[in-house]
Amino acid sequence: MVASLVDLLLASAGRDSGKAALRRRQATWTYGDLVRGAAAAAVRLRAAGLEPGDRVGLLFRNCPEYVAFFYGALAARLAVVPLNVQERASVLAAQVAHGGARLLVGDPDHPEWVALKAALPADIVTLDVTAVDDDASVATFMQAVGAASGQVLASPAVARDDMAVLLYTSGTTGRPKGVMLSHGNLVANNVTIIDYLQLGPDDVGLTVMPFHFSYGNSVLHTHLGAGATLLLEDNLAYPMVVMQRLQNERVTGFSGVPSTFAILMSRTRIEDFDLGSMRYLTQAGGAMTRAAIQRMRQLVPSARFFVMYGQTEATARLTYLPPERLDEKLGSIGKALAGVDIEVRGPRGEVLPPGQTGELCARGPNIMLGYWRDEEATREAVVEGWLHTGDLAHTDEDGFLYIDGRLVEMIKVGSFRVSPLEVEEVLATLPGIAEMAVASMPDELLGQAVKAVLVLREGASLDERAVKAHCRARLAAYKVPKVVEFARELPRTSSGKIQRFKLS
Amino acid sequence: MSDSLRDRIQKFILENYLFTSDQSALGLDDSLLGRGIVDSTGMLEIIMFIEEQLGVTVKDEDMVPENLDSVSRIAAFVESRRKVA
């Protein structure tokens with residue numbers, strides 16, 4: 001029986017242990033390497049005194065070493081807390097503390113590693129594991145974790161509802177919001193996605209999305225579960241490098257958010273590359289314009305284009321639009337995945353007829369256990385098994401879903417959600433500000449960017465650079481306001497509520 | 001290599017990504033991505049800076065870490081392109 005992602009990995013390794021599972025630069029890990037690495041990591045984690053149910057934090061860019069620890073932790077019945085490599089030490093330390101991680105494994109080359117270790121409480125143990133990009137990667141890792149012969153990766157005796165991953169996501173307030181995903185959640189979503197993408201051992205995927213992000217997490221585990229090969233990149237800073245890999249390594253599948261495709265289309269000439277091996281493209285993480293979808297399809301005609309929708313709270317996916325219905329239903333996010341129920345509900349909880357906009361609610365085996373140590377937020381988000389997504393949607397006469405907006409104000413910078421309140425809380429620690437508001441502004445590539453409007457106290461002086469520097473020292477780069485404006489007052493409703501939309 | 005070109009590039013990155021004029025905050029050979037100084041969009045902005053402020057066209061094939069991942073590398077890339085021109 002498939003109880004956890006470890007079983008899926010073991011099945012893939014059992015089919016062909018010599019097959020390449022992960023490739024980053026010159027480092028290649030076969031399925032056999034990954035199983036041995038995970039077995040050694042599990043032993044190492046237990047030797048550190050961790051017991052089933054404990055949490056272990058991982059701070060790595062996209063690399064095989066992260067994956068070995070991820071599966072090792074699951075095999076040791078621990079829950080993984082994947083940390084955002086773009087965050088600053090103070091935020092990371094808060095997440096580690098909030099998650100109650102007893103051990104943090106990280107790459108000492110990470111720019112925040114030293115500061116993070118200094119910021120952690122003394123009782124949290126850290127383990128340095130350097131990610132290596134060349135052919136010494138596997139051997140270096142085995143040595144670092146003290147791998148020994150006879151170590152076996154065993155299927156963990158876990159229950160479906162045991163927590164496997166604690167994924168931190170942007171909450172609507174500045175406080176950490178950890179989404180608890182169970183072994184059952186991960187397996188259910190993984191198996192369904194593998195099925196509708198028809199992923200198999202012949203596939204070669206390439207990911208640029210970080211593993212701490214639910215979409216990146218899903219791309220990783222679906223490929224491993226299917227016995228495919230996954231090529232690892234961290235970002236799109238060098239779009240040409242990504243395009244060359246897609247062509248030269250005969251990649252069959254590529255996943256992105258709208259800004260991923262926007263960057264590739266604007267900074268490379270996709271038509272100059274031979275992408276004839278591309279079998280599918282997937283897009284999630286916010287609405288992509290119809291024109292951009294059509295352009296991508298023209299540029300990569302061999303690929304089936306999957307529009308998908310989901311949330312971290314639903315492990316990753318809730319719906320997809322079958323590519324053969326794309327022309328007919330362009331603009332739709334499709335229908336619920338197999339095993340998932342979706343309803344569009346009105347303000348009193350009633351199910352709305354086609355054409356009427358309400359909140360998209362979902363039920364299924366992929367819905368999170370809840371928010372870590374936040375019962376109130378969990379009670380609001382999951383009611384009688386139904387996840388209230390906060391997304392506004394309607395259906396058409398054929399039952400296809402369309403997103404109309406969000407109930408809660410969030411700024412979507414590329415694939416990342418930014419809570420205006422989180423940025424405002426950081427700004428509030430600057431002296432000299434009487435009041436402020438953070439809102440979205442249109443951004444050509446990323447869809448939206450963060451904008452701050454400040455009202456200074458009389459006599460106070462503060463310039464744009466000082467404000468940005470203050471934010472950058474405390475927030476990930478994508479959360480730092482791109483524009484800081486100074487105003488005499490903020491637009492308000494008659495009841496005194498700030499009207500953020502007027503600032504955009 | 002001209003110091004003023006390196007200074008200009010360093011100043012641009014300091015002001016726009018580290019929000020300081022303290023030169024010690026950014027070594028000339030520091031990896032811009034490795035140190036988390038810029039992300040994907042920051043790199044695209046640096047390319048716009050090279051094209052618009054330094055007058056050098058960055059072709060698609062030029063967008064590789066060897067040309068762009070540190071102040072020194074950007075300066076060397078810009079100089080080499082200027083010589084060709």
# chains A, B, ... in the order shown; residues from 1 in each chain; ligands from 1

$ interface_residues --of "chain B" --to "chain A" --cutoff "9 Å" --atoms "only C-alpha atoms" --output "list in words"
Glu15, Asn16, Tyr17, Leu18, Phe19, Thr20, Leu33, Gly34, Arg35, Gly36, Ile37, Val38, Asp39, Ser40, Thr41, Gly42, Met43, Leu44, Lys59, Asp60, Glu61, Asp62, Met63, Val64 and Pro65 of chain B

$ residues_around --residues "range 371-388 of chain A" --least-positions-apart "2" --cutoff "7 Å" --atoms "only C-alpha atoms" --output "NGL selection string"
:A and (177-180 or 360-363 or 367 or 390)

$ residues_around --residues "Ala284 in chain A" --least-positions-apart "3" --cutoff "7 Å" --atoms "only C-alpha atoms" --output "PDB file with N, CA and C atoms, in the first residue's frame"
ATOM      1  N   GLY A 256       5.596  26.340 -15.116  1.00  0.00           N
ATOM      2  CA  GLY A 256       5.881  27.727 -14.743  1.00  0.00           C
ATOM      3  C   GLY A 256       4.660  28.458 -14.240  1.00  0.00           C
ATOM      4  N   VAL A 257       4.924  29.631 -13.703  1.00  0.00           N
ATOM      5  CA  VAL A 257       3.865  30.574 -13.359  1.00  0.00           C
ATOM      6  C   VAL A 257       3.824  31.574 -14.510  1.00  0.00           C
ATOM      7  N   VAL A 307      -3.520  24.362 -18.095  1.00  0.00           N
ATOM      8  CA  VAL A 307      -3.803  25.429 -17.131  1.00  0.00           C
ATOM      9  C   VAL A 307      -4.279  24.750 -15.852  1.00  0.00           C
ATOM     10  N   MET A 308      -3.678  25.135 -14.727  1.00  0.00           N
ATOM     11  CA  MET A 308      -4.013  24.454 -13.475  1.00  0.00           C
ATOM     12  C   MET A 308      -4.251  25.503 -12.373  1.00  0.00           C
ATOM     13  N   TYR A 309      -4.910  25.040 -11.332  1.00  0.00           N
ATOM     14  CA  TYR A 309      -5.204  25.943 -10.218  1.00  0.00           C
ATOM     15  C   TYR A 309      -5.079  25.174  -8.915  1.00  0.00           C
TER      16      TYR A 309
END

$ select_by_dssp --residues "range 320-448 of chain A" --states "strand (DSSP E)" --output "PyMOL selection string"
chain A and resi 320-321+335-336+341-345+358-363+370-371+382-383+386-395+401-406+411-413+416-418+433-443+447-448

$ select_by_dssp --residues "range 35-69 of chain B" --states "alpha helix (DSSP H)" --output "list in words"
Ser40, Thr41, Gly42, Met43, Leu44, Glu45, Ile46, Ile47, Met48, Phe49, Ile50, Glu51, Glu52, Pro65, Glu66, Asn67 and Leu68 of chain B

$ write_last_selection --atoms "C-alpha atoms" --output "PDB file, in the first residue's frame"
ATOM      1  CA  SER B  40      15.557  36.824 -11.562  1.00  0.00           C
ATOM      2  CA  THR B  41      13.854  40.159 -12.029  1.00  0.00           C
ATOM      3  CA  GLY B  42      16.807  42.024 -10.523  1.00  0.00           C
ATOM      4  CA  MET B  43      18.996  40.439 -13.179  1.00  0.00           C
ATOM      5  CA  LEU B  44      16.643  41.666 -15.880  1.00  0.00           C
ATOM      6  CA  GLU B  45      16.875  45.178 -14.428  1.00  0.00           C
ATOM      7  CA  ILE B  46      20.670  44.979 -14.465  1.00  0.00           C
ATOM      8  CA  ILE B  47      20.490  44.075 -18.145  1.00  0.00           C
ATOM      9  CA  MET B  48      18.293  47.123 -18.761  1.00  0.00           C
ATOM     10  CA  PHE B  49      20.879  49.233 -16.904  1.00  0.00           C
ATOM     11  CA  ILE B  50      23.697  47.834 -19.071  1.00  0.00           C
ATOM     12  CA  GLU B  51      21.738  48.543 -22.226  1.00  0.00           C
ATOM     13  CA  GLU B  52      20.296  51.927 -21.356  1.00  0.00           C
ATOM     14  CA  PRO B  65      26.584  33.947 -15.391  1.00  0.00           C
ATOM     15  CA  GLU B  66      30.078  34.296 -16.889  1.00  0.00           C
ATOM     16  CA  ASN B  67      29.101  37.773 -18.117  1.00  0.00           C
ATOM     17  CA  LEU B  68      26.763  38.958 -15.400  1.00  0.00           C
TER      18      LEU B  68
END

$ residues_around --residues "range 66-68 of chain A" --least-positions-apart "2" --cutoff "10 Å" --atoms "only C-alpha atoms" --output "PDB file with C-alpha atoms, in the first residue's frame"
ATOM      1  CA  LEU A  22      17.951  14.447 -10.482  1.00  0.00           C
ATOM      2  CA  TRP A  29      21.900  11.437  -8.798  1.00  0.00           C
ATOM      3  CA  ASP A  33      21.862   7.259  -5.183  1.00  0.00           C
ATOM      4  CA  LEU A  34      18.768   9.013  -3.934  1.00  0.00           C
ATOM      5  CA  VAL A  35      17.535   5.966  -2.020  1.00  0.00           C
ATOM      6  CA  ARG A  36      20.978   5.433  -0.450  1.00  0.00           C
ATOM      7  CA  GLY A  37      21.292   9.149   0.353  1.00  0.00           C
ATOM      8  CA  ALA A  38      17.838   9.227   1.935  1.00  0.00           C
ATOM      9  CA  ALA A  39      18.578   6.092   3.971  1.00  0.00           C
ATOM     10  CA  ALA A  40      21.778   7.662   5.285  1.00  0.00           C
ATOM     11  CA  ALA A  41      20.000  10.950   6.010  1.00  0.00           C
ATOM     12  CA  ALA A  42      17.327   9.077   7.992  1.00  0.00           C
ATOM     13  CA  LEU A  58      15.759  22.353   5.438  1.00  0.00           C
ATOM     14  CA  LEU A  59      17.426  25.409   3.917  1.00  0.00           C
ATOM     15  CA  PHE A  60      18.742  24.592   0.459  1.00  0.00           C
ATOM     16  CA  ARG A  61      18.460  25.897  -3.061  1.00  0.00           C
ATOM     17  CA  ASN A  62      17.039  23.302  -5.465  1.00  0.00           C
ATOM     18  CA  CYS A  63      19.572  20.504  -5.144  1.00  0.00           C
ATOM     19  CA  PRO A  64      19.666  16.693  -4.722  1.00  0.00           C
ATOM     20  CA  PHE A  70      13.422  15.304   2.530  1.00  0.00           C
ATOM     21  CA  TYR A  71      12.903  11.577   1.902  1.00  0.00           C
ATOM     22  CA  GLY A  72      15.212  10.644   4.763  1.00  0.00           C
ATOM     23  CA  ALA A  73      13.108  12.732   7.129  1.00  0.00           C
ATOM     24  CA  PRO A  82      11.195  23.522   3.779  1.00  0.00           C
ATOM     25  CA  VAL A 105      19.946  21.229   7.986  1.00  0.00           C
ATOM     26  CA  GLY A 106      21.310  23.814   5.585  1.00  0.00           C
ATOM     27  CA  ASP A 107      23.908  24.698   3.034  1.00  0.00           C
ATOM     28  CA  VAL A 129      25.664  20.034   4.380  1.00  0.00           C
ATOM     29  CA  ALA A 131      25.414  21.246  -1.953  1.00  0.00           C
ATOM     30  CA  PHE A 141      26.995  13.920   0.484  1.00  0.00           C
ATOM     31  CA  PHE A 211      10.942  23.377  -3.570  1.00  0.00           C
ATOM     32  CA  LEU A 220       9.621  17.494  -7.642  1.00  0.00           C
ATOM     33  CA  HIS A 221       7.627  14.678  -6.092  1.00  0.00           C
TER      34      HIS A 221
END

$ atom_distance --atom1 "CA of Glu350 in chain A" --atom2 "CA of Ile403 in chain A"
18.2 Å

$ atom_distance --atom1 "CA of His394 in chain A" --atom2 "CA of Gly355 in chain A"
5.6 Å

$ residues_around --residues "Ala428 in chain A" --least-positions-apart "2" --cutoff "12 Å" --atoms "only C-alpha atoms" --output "tab-separated table (two decimals) with C-alpha atoms, in the first residue's frame"
chain	number	residue	atom	x	y	z
A	174	GLY	CA	2.64	39.25	9.42
A	421	LEU	CA	0.07	43.70	6.27
A	422	GLU	CA	3.39	41.91	6.53
A	423	VAL	CA	5.14	44.74	4.68
A	424	GLU	CA	3.23	47.35	6.68
A	425	GLU	CA	4.34	45.74	9.92
A	426	VAL	CA	7.96	46.09	8.84
A	430	LEU	CA	10.63	52.84	10.95
A	431	PRO	CA	10.64	56.07	12.94
A	432	GLY	CA	8.90	59.12	11.52
A	433	ILE	CA	5.93	57.48	9.84
A	434	ALA	CA	2.48	58.72	10.83
A	435	GLU	CA	0.59	56.25	8.69
A	436	MET	CA	1.10	54.11	5.68
A	437	ALA	CA	-0.47	51.66	3.31
A	438	VAL	CA	0.94	48.97	1.09
A	452	ALA	CA	4.18	51.68	-0.31
A	454	LEU	CA	3.79	56.82	3.46
A	455	VAL	CA	2.56	59.80	5.40
A	456	LEU	CA	5.40	61.23	7.47
A	467	VAL	CA	12.74	52.89	3.41
A	470	HIS	CA	14.96	48.99	6.02
A	471	CYS	CA	12.61	46.56	4.26

$ atom_distance --atom1 "CA of Arg160 in chain A" --atom2 "CA of Ala97 in chain A"
25.8 Å

$ residues_around --residues "Pro491 in chain A" --least-positions-apart "5" --cutoff "7 Å" --atoms "only C-alpha atoms" --output "PyMOL selection string"
chain A and resi 498-499+502

$ write_last_selection --atoms "C-alpha atoms" --output "mmCIF file, in the first residue's frame"
data_model
loop_
_atom_site.group_PDB
_atom_site.id
_atom_site.type_symbol
_atom_site.label_atom_id
_atom_site.label_comp_id
_atom_site.auth_asym_id
_atom_site.auth_seq_id
_atom_site.Cartn_x
_atom_site.Cartn_y
_atom_site.Cartn_z
ATOM 1 C CA ILE A 498 -7.869 52.696 3.959
ATOM 2 C CA GLN A 499 -8.833 52.127 0.332
ATOM 3 C CA LYS A 502 -7.036 53.690 -4.852
#

$ residues_around --residues "Met163 in chain A" --least-positions-apart "2" --cutoff "6 Å" --atoms "only C-alpha atoms" --output "ChimeraX atom specification"
/A:79,165,181-182
